[in-house]
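Engineer: Below is the structure I would like to discuss, written out as structure tokens.
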Amino acid sequence: MPILNKDMVLCISLAARPSNIGTRFHNYLYEKLGLNYVYKAFAPADLGQAIAGVRGLPIRGCAVSMPYKEEVIALVDRMDPSALAIDSVNTIVNDDGVLTAYNTDCLAVARLLAEHGVPAESSVLLRGSGGMAKAVAAALRDAGFRQVTVVARNSETGPALAERYGFTWAADGAGLTADLLINVTPLGMAGADEQVQSFSDEAVAAAATVFDVVALPAETPLIRAARAAGKPVITGAEVIAGQAEEQFVLYTGVRPSPELVREASGFSRA
């Protein structure tokens with residue numbers, strides 16, 4: 001990484017529980033590609049003030065994570081179709097004080113479902129109804145998945161998400177099984193819920209593929225249970241690398257090679 005200097009471009013991330021994954025991913029690529037950029041993660045005390053800082057400093061790019069993906073919509077100037085289609089933001093780009101919101105999560109999820117060969121005819125249990133769940137639901141719909149049940153305790157956001165994409169809703173996943181399990185909640189994430197398995201052992205045993213969007217830790221209780229049962233898995237590490245690659249392109253205008261993306265993803269978890 002270049003020595004800090006007045007011309008260095010700053011990119012940041014905002015999350016309630018930030019990790020070093022994005023920081024290491026982006027900074028690794030900046031160094032390898034010789035870009036005069038630096039990336040830093042923050043847990044904002046006030047989201048509005050943080051976004052005002054993005055606009056006023058100016059900060060070139062801002063990644064947005066839970067729980068700010070919907071709240072931040074009111075604070076930007078423009079919504080790219082990728083974010084507008086699902087009312088959820090994970091990326092902000094600052095062009096001379098004009099903030100445009102994007103969502104690169106949906107693209108990453110769609111790509112992973114295709115790369116892992118998950119049939120669109122599969123039945124799906126999608127646990128969660130927040131901003132990331134919207135991105136996953138949109139990716140499922142656009143890929144032709146129709147037998148999807150949204151499992152969410154929230155009696156407002158759960159049914160609304162299911163209705164928006166033509167899916168069904170269940171408040172409790174107890175006793176439910178499907179070919180594809182997808183966790184899009186904080187269950188299993190480092191912190192208070194780190195030891196919580198988001199789907200039961202019975203559901204894992206009945207599944208053909210298990211997908212956990214949680215990226216930290218890399219091996220969540222759900223992923224460990226799926227591996228123990230011999231099930232193919234899609235991990236949060238894969239999601240975060242895919243969406244971060246698209247963010248990197250938006251911030252810098254440079255598309256890193258697949259090899260560099262793999263290296264950066266590995267470095268981000270070392």
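Letters A, B, ... go to the chains of the structure tokens in the order shown; residues in each chain start at 1; ligands are counted from 1 in the same order.
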Residues of segment 56-243 of chain A classed as helix (DSSP H, G or I) by DSSP on the backbone are to be reported as an MDAnalysis selection string.

Structural biologist: chainID A and resid 56 71:75 81:84 105:115 131:142 157:164 201:206 221:228 236:243

Engineer: Show me, as CSV, the residues of segment 19-116 of chain A having an atom within 12 Å of segment 168-187 of chain A, each with the closest atom pair and its distance in Å, using only C-alpha atoms.

Structural biologist:
```
residue,atom,partner,partner_atom,distance
A:Ser65,CA,A:Pro186,CA,11.6
A:Met66,CA,A:Pro186,CA,9.0
A:Pro67,CA,A:Pro186,CA,10.2
A:Asp105,CA,A:Val184,CA,11.7
A:Val109,CA,A:Ile182,CA,10.8
A:Leu113,CA,A:Leu180,CA,10.3
A:His116,CA,A:Leu180,CA,11.7
```

Engineer: The selected residues should be written to file as a PDB file, in the first residue's frame (atoms: C-alpha atoms).

Structural biologist:
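Output file out31.pdb follows:
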```
ATOM      1  CA  SER A  65     -24.041  -3.736   5.765  1.00  0.00           C
ATOM      2  CA  MET A  66     -26.643  -4.812   8.314  1.00  0.00           C
ATOM      3  CA  PRO A  67     -28.685  -3.132   9.655  1.00  0.00           C
ATOM      4  CA  ASP A 105     -25.389  -8.648  -3.349  1.00  0.00           C
ATOM      5  CA  VAL A 109     -25.971 -14.587  -5.168  1.00  0.00           C
ATOM      6  CA  LEU A 113     -26.455 -20.352  -7.566  1.00  0.00           C
ATOM      7  CA  HIS A 116     -22.953 -24.397  -7.914  1.00  0.00           C
TER       8      HIS A 116
END
```

Engineer: Under the rule of at most 12 Å, produce a per-residue listing of segment 104-169 of chain A near segment 234-249 of chain A: chain, number, name, the closest pair of atoms, and the distance in Å, as a Markdown table, using only C-alpha atoms.

Structural biologist:
```
| residue | atom | partner | partner_atom | distance |
| --- | --- | --- | --- | --- |
| A:Thr104 | CA | A:Gln243 | CA | 5.0 |
| A:Asp105 | CA | A:Gln243 | CA | 5.2 |
| A:Cys106 | CA | A:Gln243 | CA | 8.1 |
| A:Leu107 | CA | A:Gln243 | CA | 7.2 |
| A:Ala108 | CA | A:Gly242 | CA | 4.9 |
| A:Val109 | CA | A:Val239 | CA | 6.4 |
| A:Ala110 | CA | A:Val239 | CA | 9.8 |
| A:Arg111 | CA | A:Gly242 | CA | 8.2 |
| A:Leu112 | CA | A:Val239 | CA | 7.5 |
| A:Leu113 | CA | A:Ile234 | CA | 8.4 |
| A:Ala114 | CA | A:Ile234 | CA | 11.3 |
| A:Glu115 | CA | A:Ile234 | CA | 10.0 |
| A:His116 | CA | A:Ile234 | CA | 7.8 |
| A:Gly117 | CA | A:Ile234 | CA | 11.0 |
| A:Val118 | CA | A:Ile234 | CA | 10.3 |
| A:Met132 | CA | A:Val239 | CA | 10.9 |
| A:Ala135 | CA | A:Gln243 | CA | 11.3 |
| A:Val136 | CA | A:Val239 | CA | 10.6 |
```

Engineer: Would you list the contacts of Thr91 of chain A as a ChimeraX atom specification, taking every protein, DNA or RNA residue within 9 Å and counting only C-alpha atoms, but skipping same-chain residues closer than 2 positions in sequence?

Structural biologist: /A:13,61-65,69,83,89,93,100-104,247,250

Engineer: Write the residues of the preceding selection, restricted to C-alpha atoms, as an mmCIF file, in the first residue's frame.

Structural biologist:
```
data_model
loop_
_atom_site.group_PDB
_atom_site.id
_atom_site.type_symbol
_atom_site.label_atom_id
_atom_site.label_comp_id
_atom_site.auth_asym_id
_atom_site.auth_seq_id
_atom_site.Cartn_x
_atom_site.Cartn_y
_atom_site.Cartn_z
ATOM 1 C CA SER A 13 -17.744 0.403 5.041
ATOM 2 C CA GLY A 61 -17.112 4.621 -1.985
ATOM 3 C CA CYS A 62 -19.066 3.283 0.948
ATOM 4 C CA ALA A 63 -20.139 -0.308 1.534
ATOM 5 C CA VAL A 64 -23.311 -0.685 3.614
ATOM 6 C CA SER A 65 -24.041 -3.736 5.765
ATOM 7 C CA LYS A 69 -29.262 -1.388 3.949
ATOM 8 C CA ALA A 83 -30.882 -1.146 -5.592
ATOM 9 C CA VAL A 89 -28.474 -0.762 -0.698
ATOM 10 C CA VAL A 93 -20.549 5.713 -4.928
ATOM 11 C CA THR A 100 -25.618 6.876 -6.021
ATOM 12 C CA ALA A 101 -26.762 3.670 -4.346
ATOM 13 C CA TYR A 102 -26.250 0.184 -5.783
ATOM 14 C CA ASN A 103 -26.789 -3.398 -4.691
ATOM 15 C CA THR A 104 -24.083 -5.903 -5.655
ATOM 16 C CA GLN A 247 -17.928 -2.825 -5.397
ATOM 17 C CA LEU A 250 -17.569 0.667 -9.051
#
```

Engineer: When you look at Gly230 of chain A with a cut-off of 12 Å (counting only C-alpha atoms), what residues show up, excluding the ones that are within fewer than 2 positions of it in the same chain? I need them as number ranges by chain.

Structural biologist: A: 204-210, 223-228, 232-233

Engineer: To one decimal in Å, tell me the separation between atom CA of Ala162 of chain A and atom CA of Phe199 of chain A.

Structural biologist: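 Straight-line distance from atom CA of Ala162 of chain A to atom CA of Phe199 of chain A works out to 18.9 Å.
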
Engineer: Compare A:Ile86, A:Val213, A:Ala16, A:Leu222 by their minimum atom-to-atom distance to Asp46 of chain A, counting only C-alpha atoms, and give me the closest one.

Structural biologist: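 That would be A:Ala16, the residue with the smallest distance to Asp46 of chain A.
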
Engineer: To one decimal place in Å, what is the distance between atom CA of Ala15 of chain A and atom CA of Val72 of chain A?

Structural biologist: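 Atom CA of Val72 of chain A lies at a distance of 11.5 Å from atom CA of Ala15 of chain A.
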
Engineer: As an exercise, work out the distance from atom CA of Gln197 of chain A to atom CA of Ser123 of chain A in Å and give it to one decimal place.

Structural biologist: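 Atom CA of Ser123 of chain A lies 20.3 Å from atom CA of Gln197 of chain A.
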
Engineer: Using only C-alpha atoms, which of A:Val124, A:Ala229, A:Ala139, A:Cys11 sits nearest Ile59 of chain A?

Structural biologist: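 Of the candidates, the smallest distance to Ile59 of chain A is held by A:Cys11.
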